[in-house]
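Structure below is model_14.pdb: PDB, C-alpha atoms.
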ATOM      1  CA  MET A 231       0.000   0.000   0.000
ATOM      2  CA  GLU A 232       1.435   3.416  -0.964
ATOM      3  CA  THR A 233       1.849   6.016   1.746
ATOM      4  CA  LEU A 234       1.029   9.672   1.374
ATOM      5  CA  PRO A 235       4.153  11.864   1.323
ATOM      6  CA  SER A 236       4.372  14.596   3.930
ATOM      7  CA  ILE A 237       2.857  17.971   2.996
ATOM      8  CA  TRP A 238       5.858  19.514   4.747
ATOM      9  CA  ARG A 239       8.465  17.961   2.505
ATOM     10  CA  THR A 240      11.271  20.257   1.323
ATOM     11  CA  GLU A 241      10.045  20.950  -2.201
ATOM     12  CA  VAL A 242       6.646  22.104  -0.952
ATOM     13  CA  LEU A 243       8.291  24.910   1.051
ATOM     14  CA  HIS A 244       8.914  26.671  -2.247
ATOM     15  CA  ALA A 245       5.209  26.636  -3.080
ATOM     16  CA  LEU A 246       4.521  27.863   0.463
ATOM     17  CA  SER A 247       6.907  30.817   0.192
ATOM     18  CA  VAL A 248       6.440  31.964  -3.391
ATOM     19  CA  HIS A 249       2.955  33.440  -3.365
ATOM     20  CA  LEU A 250       3.579  36.294  -0.904
ATOM     21  CA  PRO A 251       6.379  37.945  -2.937
ATOM     22  CA  LEU A 252       4.487  37.239  -6.147
ATOM     23  CA  VAL A 253       1.508  39.293  -4.991
ATOM     24  CA  SER A 254       3.471  41.901  -2.984
ATOM     25  CA  LEU A 255       5.795  42.808  -5.818
ATOM     26  CA  MET A 256       3.045  43.037  -8.416
ATOM     27  CA  LEU A 257       0.930  45.189  -6.106
ATOM     28  CA  ALA A 258       3.977  47.317  -5.280
ATOM     29  CA  THR A 259       4.413  48.092  -8.966
ATOM     30  CA  LEU A 260       0.695  48.757  -9.464
ATOM     31  CA  PHE A 261       0.495  51.068  -6.438
ATOM     32  CA  PHE A 262       3.634  52.904  -7.561
ATOM     33  CA  LEU A 263       2.242  53.585 -11.023
ATOM     34  CA  VAL A 264      -1.176  54.613  -9.671
ATOM     35  CA  ALA A 265       0.539  56.895  -7.111
ATOM     36  CA  LEU A 266       2.401  58.610  -9.958
ATOM     37  CA  ILE A 267      -0.778  59.176 -11.934
ATOM     38  CA  LEU A 268      -3.086  60.177  -9.079
ATOM     39  CA  LYS A 269      -0.321  61.856  -7.060
ATOM     40  CA  LYS A 270      -1.378  60.056  -3.857
ATOM     41  CA  PHE A 271       1.445  60.078  -1.339
ATOM     42  CA  TRP A 272      -0.016  57.248   0.759
ATOM     43  CA  LEU A 273      -0.024  54.937  -2.258
ATOM     44  CA  LYS A 274       3.675  55.547  -2.731
ATOM     45  CA  LYS A 275       4.332  54.634   0.903
ATOM     46  CA  ALA A 276       2.197  51.509   0.539
ATOM     47  CA  SER A 277       4.098  50.649  -2.637
ATOM     48  CA  GLY A 278       7.395  51.009  -0.775
ATOM     49  CA  ALA A 279       6.248  48.752   2.050
ATOM     50  CA  LEU A 280       5.015  46.095  -0.388
ATOM     51  CA  LEU A 281       8.253  46.382  -2.349
ATOM     52  CA  ILE A 282      10.415  45.689   0.689
ATOM     53  CA  ILE A 283       8.191  42.875   1.989
ATOM     54  CA  GLY A 284       8.108  41.336  -1.476
ATOM     55  CA  THR A 285      11.856  41.615  -1.959
ATOM     56  CA  ILE A 286      12.585  39.893   1.347
ATOM     57  CA  GLY A 287      10.058  37.229   0.381
ATOM     58  CA  ALA A 288      11.752  36.854  -3.004
ATOM     59  CA  TRP A 289      15.106  36.081  -1.399
ATOM     60  CA  ILE A 290      13.494  33.500   0.888
ATOM     61  CA  THR A 291      11.793  31.997  -2.150
ATOM     62  CA  MET A 292      15.128  31.772  -3.965
ATOM     63  CA  LEU A 293      16.473  29.710  -1.045
ATOM     64  CA  THR A 294      13.490  27.368  -0.953
ATOM     65  CA  GLY A 295      13.645  27.077  -4.728
ATOM     66  CA  ASP A 296      17.287  26.095  -4.576
ATOM     67  CA  ALA A 297      16.409  23.395  -2.050
ATOM     68  CA  ALA A 298      13.553  22.135  -4.235
ATOM     69  CA  ASP A 299      15.803  22.045  -7.317
ATOM     70  CA  GLY A 300      17.941  19.258  -5.939
ATOM     71  CA  ILE A 301      14.875  17.124  -5.280
ATOM     72  CA  VAL A 302      12.629  17.617  -8.306
ATOM     73  CA  SER A 303      15.115  18.058 -11.147
ATOM     74  CA  ARG A 304      15.815  14.336 -11.603
ATOM     75  CA  SER A 305      12.150  13.633 -12.267
ATOM     76  CA  LEU A 306      11.641  16.381 -14.843
ATOM     77  CA  CYS A 307      11.453  15.570 -18.529
ATOM     78  CA  ASP A 308      12.716  19.025 -19.462
ATOM     79  CA  PRO A 309      14.981  20.504 -16.780
ATOM     80  CA  THR A 310      15.944  23.343 -19.121
ATOM     81  CA  VAL A 311      12.609  24.921 -18.159
ATOM     82  CA  LEU A 312      13.742  24.788 -14.540
ATOM     83  CA  LYS A 313      17.057  26.400 -15.430
ATOM     84  CA  THR A 314      15.314  29.258 -17.261
ATOM     85  CA  HIS A 315      12.893  29.616 -14.335
ATOM     86  CA  GLU A 316      15.831  29.920 -11.932
ATOM     87  CA  ASN A 317      17.747  32.378 -14.118
ATOM     88  CA  PHE A 318      14.781  34.690 -14.497
ATOM     89  CA  ALA A 319      13.933  34.348 -10.801
ATOM     90  CA  SER A 320      17.463  35.529  -9.985
ATOM     91  CA  LEU A 321      17.128  38.436 -12.384
ATOM     92  CA  THR A 322      13.726  39.398 -10.975
ATOM     93  CA  THR A 323      14.993  39.299  -7.406
ATOM     94  CA  ILE A 324      17.965  41.468  -8.342
ATOM     95  CA  LEU A 325      15.777  44.022 -10.116
ATOM     96  CA  PHE A 326      13.460  44.387  -7.143
ATOM     97  CA  THR A 327      16.362  44.431  -4.707
ATOM     98  CA  VAL A 328      17.948  47.348  -6.547
ATOM     99  CA  ALA A 329      14.519  49.040  -6.663
ATOM    100  CA  SER A 330      14.247  48.554  -2.889
ATOM    101  CA  VAL A 331      17.682  50.065  -2.321
ATOM    102  CA  VAL A 332      16.793  53.032  -4.512
ATOM    103  CA  TYR A 333      13.498  53.443  -2.626
ATOM    104  CA  ILE A 334      15.253  53.404   0.748
ATOM    105  CA  LEU A 335      17.930  55.845  -0.452
ATOM    106  CA  GLN A 336      15.402  58.361  -1.758
ATOM    107  CA  ALA A 337      13.264  57.991   1.367
ATOM    108  CA  LEU A 338      16.070  58.444   3.899
ATOM    109  CA  ILE A 339      18.219  61.142   2.294
ATOM    110  CA  ASP A 340      17.151  64.536   1.011
ATOM    111  CA  TRP A 341      18.728  64.545  -2.452
ATOM    112  CA  GLY A 342      16.791  67.456  -3.821
ATOM    113  CA  VAL A 343      13.820  67.455  -6.159
ATOM    114  CA  LYS A 344      15.723  66.741  -9.376
ATOM    115  CA  ILE A 345      17.649  63.693  -8.064
ATOM    116  CA  LYS A 346      14.547  62.343  -6.328
ATOM    117  CA  LEU A 347      12.683  62.509  -9.627
ATOM    118  CA  ILE A 348      15.458  60.557 -11.350
ATOM    119  CA  PHE A 349      15.354  57.998  -8.516
ATOM    120  CA  HIS A 350      11.604  57.613  -9.045
ATOM    121  CA  VAL A 351      12.094  57.064 -12.753
ATOM    122  CA  ILE A 352      14.739  54.405 -12.073
ATOM    123  CA  MET A 353      12.508  52.751  -9.496
ATOM    124  CA  GLY A 354       9.565  52.718 -11.856
ATOM    125  CA  LEU A 355      11.604  51.203 -14.677
ATOM    126  CA  LEU A 356      13.103  48.544 -12.429
ATOM    127  CA  MET A 357       9.701  47.622 -11.027
ATOM    128  CA  VAL A 358       7.942  47.464 -14.379
ATOM    129  CA  VAL A 359      10.702  45.359 -15.958
ATOM    130  CA  GLY A 360      10.821  43.254 -12.794
ATOM    131  CA  THR A 361       7.069  42.663 -12.957
ATOM    132  CA  VAL A 362       7.336  41.464 -16.555
ATOM    133  CA  THR A 363      10.122  39.040 -15.665
ATOM    134  CA  LEU A 364       8.181  37.999 -12.554
ATOM    135  CA  MET A 365       5.201  37.044 -14.697
ATOM    136  CA  TYR A 366       7.478  34.965 -16.901
ATOM    137  CA  VAL A 367       9.002  33.260 -13.849
ATOM    138  CA  GLY A 368       5.509  32.465 -12.610
ATOM    139  CA  HIS A 369       4.514  31.090 -15.991
ATOM    140  CA  LEU A 370       7.554  28.798 -16.052
ATOM    141  CA  GLY A 371       6.883  27.724 -12.478
ATOM    142  CA  ALA A 372       3.326  26.813 -13.376
ATOM    143  CA  SER A 373       4.617  24.947 -16.424
ATOM    144  CA  LEU A 374       6.946  22.922 -14.226
ATOM    145  CA  VAL A 375       4.139  21.940 -11.883
ATOM    146  CA  TYR A 376       1.205  21.501 -14.242
ATOM    147  CA  GLN A 377       3.024  20.162 -17.306
ATOM    148  CA  GLN A 378       5.835  18.216 -15.670
ATOM    149  CA  GLY A 379       4.449  17.462 -12.216
ATOM    150  CA  ALA A 380       7.367  19.043 -10.369
ATOM    151  CA  GLY A 381       7.073  18.507  -6.644
ATOM    152  CA  THR A 382       3.674  16.839  -6.897
ATOM    153  CA  HIS A 383       2.504  13.442  -5.757
ATOM    154  CA  GLN A 384       0.564  11.273  -8.160
ATOM    155  CA  PRO A 385      -1.941   9.208  -6.120
ATOM    156  CA  SER A 386      -2.228   5.512  -6.892
ATOM    157  CA  GLU A 387      -5.108   4.396  -9.093
ATOM    158  CA  ASP A 388      -6.976   2.767  -6.217
ATOM    159  CA  CYS A 389      -6.313   5.712  -3.853
ATOM    160  CA  SER A 390      -4.940   3.252  -1.327
ATOM    161  CA  GLU A 391      -2.848   5.878   0.425
ATOM    162  CA  PHE A 392      -6.050   7.681   1.358
TER     163      PHE A 392
ATOM    164  CA  MET B 170      25.114  61.349 -11.808
ATOM    165  CA  ARG B 171      27.845  59.032 -10.530
ATOM    166  CA  VAL B 172      25.322  57.293  -8.284
ATOM    167  CA  LEU B 173      23.014  56.717 -11.253
ATOM    168  CA  LEU B 174      25.847  55.431 -13.390
ATOM    169  CA  GLY B 175      26.874  53.125 -10.570
ATOM    170  CA  ILE B 176      23.364  51.746 -10.194
ATOM    171  CA  PHE B 177      23.065  51.228 -13.951
ATOM    172  CA  SER B 178      26.423  49.417 -14.106
ATOM    173  CA  VAL B 179      25.565  47.132 -11.221
ATOM    174  CA  VAL B 180      22.182  46.223 -12.686
ATOM    175  CA  THR B 181      23.734  45.522 -16.097
ATOM    176  CA  LEU B 182      26.406  43.288 -14.602
ATOM    177  CA  LEU B 183      23.897  41.415 -12.499
ATOM    178  CA  PHE B 184      21.597  41.051 -15.509
ATOM    179  CA  MET B 185      24.432  39.482 -17.497
ATOM    180  CA  ALA B 186      25.310  37.174 -14.619
ATOM    181  CA  ALA B 187      21.708  36.010 -14.208
ATOM    182  CA  CYS B 188      21.321  35.262 -17.901
ATOM    183  CA  GLY B 189      24.667  33.548 -18.350
ATOM    184  CA  GLU B 190      23.839  30.133 -16.942
ATOM    185  CA  SER B 191      21.983  28.371 -19.771
ATOM    186  CA  THR B 192      22.688  24.699 -20.436
ATOM    187  CA  ASP B 193      22.550  22.554 -23.540
ATOM    188  CA  VAL B 194      20.813  19.284 -24.326
ATOM    189  CA  VAL B 195      22.724  16.787 -26.459
ATOM    190  CA  GLU B 196      21.913  13.389 -27.940
ATOM    191  CA  SER B 197      22.653  10.197 -26.022
ATOM    192  CA  GLY B 198      26.292   9.288 -26.319
ATOM    193  CA  THR B 199      29.754   9.773 -24.886
ATOM    194  CA  TYR B 200      31.371  13.162 -24.533
ATOM    195  CA  THR B 201      34.657  14.448 -23.182
ATOM    196  CA  GLY B 202      34.976  17.750 -21.430
ATOM    197  CA  THR B 203      35.893  19.635 -18.283
ATOM    198  CA  VAL B 204      34.012  19.839 -15.012
ATOM    199  CA  ASP B 205      32.776  23.421 -14.945
ATOM    200  CA  GLU B 206      30.988  23.315 -11.598
ATOM    201  CA  VAL B 207      30.283  20.809  -8.828
ATOM    202  CA  GLU B 208      27.216  21.094  -6.579
ATOM    203  CA  ALA B 209      27.874  18.445  -3.966
ATOM    204  CA  GLU B 210      24.652  18.892  -1.981
ATOM    205  CA  LYS B 211      22.615  18.157  -5.115
ATOM    206  CA  SER B 212      24.976  15.497  -6.546
ATOM    207  CA  GLU B 213      25.107  17.595  -9.670
ATOM    208  CA  ILE B 214      27.877  18.642 -12.027
ATOM    209  CA  TYR B 215      28.149  20.879 -15.037
ATOM    210  CA  VAL B 216      30.450  19.696 -17.817
ATOM    211  CA  LYS B 217      31.804  21.920 -20.595
ATOM    212  CA  THR B 218      32.331  19.685 -23.632
ATOM    213  CA  GLU B 219      35.125  20.082 -26.140
ATOM    214  CA  ASP B 220      32.757  21.712 -28.605
ATOM    215  CA  GLY B 221      31.704  24.311 -26.073
ATOM    216  CA  GLN B 222      28.377  22.889 -24.897
ATOM    217  CA  LYS B 223      27.449  23.023 -21.231
ATOM    218  CA  LEU B 224      25.791  19.869 -19.886
ATOM    219  CA  GLU B 225      23.860  19.809 -16.625
ATOM    220  CA  LEU B 226      24.137  16.324 -15.111
ATOM    221  CA  TYR B 227      22.231  15.202 -12.048
ATOM    222  CA  PHE B 228      23.670  11.940 -10.775
ATOM    223  CA  ILE B 229      21.136   9.128 -10.560
ATOM    224  CA  GLU B 230      21.306   5.788  -8.758
ATOM    225  CA  GLU B 231      22.713   4.103 -11.841
ATOM    226  CA  THR B 232      25.502   6.605 -12.400
ATOM    227  CA  GLU B 233      28.935   4.993 -12.283
ATOM    228  CA  LEU B 234      31.704   7.353 -11.226
ATOM    229  CA  THR B 235      35.238   6.136 -11.831
ATOM    230  CA  LYS B 236      38.808   7.397 -11.781
ATOM    231  CA  ASN B 237      41.582   5.339 -13.365
ATOM    232  CA  GLY B 238      39.120   2.508 -13.745
ATOM    233  CA  GLU B 239      38.186   2.419 -10.050
ATOM    234  CA  ALA B 240      34.887   3.435  -8.528
ATOM    235  CA  VAL B 241      35.133   6.625  -6.459
ATOM    236  CA  GLU B 242      32.812   8.784  -4.369
ATOM    237  CA  PHE B 243      31.153  11.965  -5.630
ATOM    238  CA  SER B 244      33.543  13.973  -3.458
ATOM    239  CA  ALA B 245      36.353  12.999  -5.861
ATOM    240  CA  LEU B 246      34.924  15.385  -8.435
ATOM    241  CA  GLU B 247      36.494  18.841  -8.638
ATOM    242  CA  GLU B 248      36.180  21.813 -10.949
ATOM    243  CA  GLY B 249      38.634  21.780 -13.793
ATOM    244  CA  GLN B 250      38.968  18.000 -14.009
ATOM    245  CA  LYS B 251      38.864  16.395 -17.446
ATOM    246  CA  VAL B 252      36.048  13.856 -17.652
ATOM    247  CA  LYS B 253      34.470  11.458 -20.124
ATOM    248  CA  VAL B 254      30.726  11.161 -19.667
ATOM    249  CA  GLU B 255      28.211   8.757 -21.131
ATOM    250  CA  VAL B 256      24.757  10.289 -21.089
ATOM    251  CA  LYS B 257      21.307   9.060 -21.960
ATOM    252  CA  LYS B 258      18.836  11.593 -23.232
ATOM    253  CA  VAL B 259      15.418  11.132 -21.630
ATOM    254  CA  GLY B 260      13.039  13.723 -23.022
ATOM    255  CA  GLN B 261      15.101  16.872 -22.625
ATOM    256  CA  ARG B 262      16.916  15.535 -19.582
ATOM    257  CA  LEU B 263      20.415  14.062 -19.630
ATOM    258  CA  ASP B 264      20.969  11.132 -17.281
ATOM    259  CA  PRO B 265      24.670  10.450 -16.693
ATOM    260  CA  LEU B 266      25.243   6.697 -16.947
ATOM    261  CA  LYS B 267      29.026   6.847 -16.571
ATOM    262  CA  VAL B 268      31.423   9.561 -15.534
ATOM    263  CA  ASP B 269      35.113   8.795 -15.783
ATOM    264  CA  ILE B 270      37.617  11.242 -14.322
ATOM    265  CA  LYS B 271      40.595  11.495 -16.616
ATOM    266  CA  GLU B 272      42.930  13.475 -14.356
TER     267      GLU B 272
END

Give the structure from this file in structure tokens form.
Amino acid sequence: METLPSIWRTEVLHALSVHLPLVSLMLATLFFLVALILKKFWLKKASGALLIIGTIGAWITMLTGDAADGIVSRSLCDPTVLKTHENFASLTTILFTVASVVYILQALIDWGVKIKLIFHVIMGLLMVVGTVTLMYVGHLGASLVYQQGAGTHQPSEDCSEF
Amino acid sequence: MRVLLGIFSVVTLLFMAACGESTDVVESGTYTGTVDEVEAEKSEIYVKTEDGQKLELYFIEETELTKNGEAVEFSALEEGQKVKVEVKKVGQRLDPLKVDIKE
């Protein structure tokens, strides 16, 4: 009789950790753009908070992803998808990390109006590009799970483990 | 201006680093090359073949690792070593059947 694998196995930690940064970073970008258009200061602050939370979450997700890699890669039929997923995840994390640093710099130090504007432009660009790459990372992650079964358990035909 | 230039340079460098790790899929067969990277905790190696292709090889239960004809542990693998690998292509995955350390 087959036994059910633990829900807390290593590769599942990646699924557990990924959704917070996914949402936080996308919302951070959305709030930032809306704040620019509507000139709402509170939206910019909210964007900054989401950006930092999401960036920290992204680094944690990179660690859990690295742990999952060693376990699931041998069972994949196309590990090149995993490699691309990892490369773009690294890039995305870097983009949002730099955006976070820029946000903190412009928030803590009075650079003057002109420099602050340039910082906002850089932040916006980094976040928009980062959001595009984030969507691609998510797409590849979904492909790994739903097309290749990465990290999933296939129940037996007679459901004996249940 | 210097700060902006610095940020731009760092992002560009990091972008290049993140995109530089692609691997290649080859047909089943035997290849000679150099160990480019060893990831001991994943029992994984990257091999740069003589024609410049980068193979990602996750060791499986059946993988035979030898040096001078004798079986050795994974820890014997080091970056820069010349190796001869026999791989089996399964889908787009390369399973290493034999890895022989040449030096």

12 Å contact set for Ala319 of chain A, only C-alpha atoms, chain neighbours under 5 positions out, as a ChimeraX atom specification
/A:248,251-252,285,288-293,295-296,312-314,324-326,360-371 /B:184,187-188

Serialized selection, C-alpha atoms, as a compact mmCIF listing (two decimals), keeping the file's coordinate frame:
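Final file, result_5.txt:
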# COMPACT_ATOMS: atom_id res chain seq x y z
CA VAL A 248 6.44 31.96 -3.39
CA PRO A 251 6.38 37.94 -2.94
CA LEU A 252 4.49 37.24 -6.15
CA THR A 285 11.86 41.62 -1.96
CA ALA A 288 11.75 36.85 -3.00
CA TRP A 289 15.11 36.08 -1.40
CA ILE A 290 13.49 33.50 0.89
CA THR A 291 11.79 32.00 -2.15
CA MET A 292 15.13 31.77 -3.96
CA LEU A 293 16.47 29.71 -1.04
CA GLY A 295 13.64 27.08 -4.73
CA ASP A 296 17.29 26.10 -4.58
CA LEU A 312 13.74 24.79 -14.54
CA LYS A 313 17.06 26.40 -15.43
CA THR A 314 15.31 29.26 -17.26
CA ILE A 324 17.96 41.47 -8.34
CA LEU A 325 15.78 44.02 -10.12
CA PHE A 326 13.46 44.39 -7.14
CA GLY A 360 10.82 43.25 -12.79
CA THR A 361 7.07 42.66 -12.96
CA VAL A 362 7.34 41.46 -16.56
CA THR A 363 10.12 39.04 -15.66
CA LEU A 364 8.18 38.00 -12.55
CA MET A 365 5.20 37.04 -14.70
CA TYR A 366 7.48 34.97 -16.90
CA VAL A 367 9.00 33.26 -13.85
CA GLY A 368 5.51 32.47 -12.61
CA HIS A 369 4.51 31.09 -15.99
CA LEU A 370 7.55 28.80 -16.05
CA GLY A 371 6.88 27.72 -12.48
CA PHE B 184 21.60 41.05 -15.51
CA ALA B 187 21.71 36.01 -14.21
CA CYS B 188 21.32 35.26 -17.90

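The residue set within 9 Å of Ile352 of chain A, counting all atoms listed in the file and dropping same-chain residues fewer than 4 places from it, reads Ala329, Val332, Leu347, Ile348, Leu356 and Met357 of chain A; Leu173 of chain B.
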
Would you pick out the contacts of segment 209-216 of chain B at 12 Å or less, using only C-alpha atoms, so that residues sharing its chain but fewer than 4 positions from it are not included, and give the list as a PyMOL selection string?
(chain A and resi 296-304) or (chain B and resi 190-195+200-205+220-230+232+234+242-256+263-265+268+270)

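Distance-wise, atom CA of Gln384 of chain A and atom CA of Leu306 of chain A end up 13.9 Å apart.
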
I'd like the interatomic distance between atom CA of Gly381 of chain A and atom CA of Val242 of chain A, to a tenth of an Å.
6.7 Å

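In this comparison, which uses only C-alpha atoms, the residue of A:Ala380, A:Ala337, A:Leu250, A:Val343 approaching Lys274 of chain A most closely is A:Ala337.
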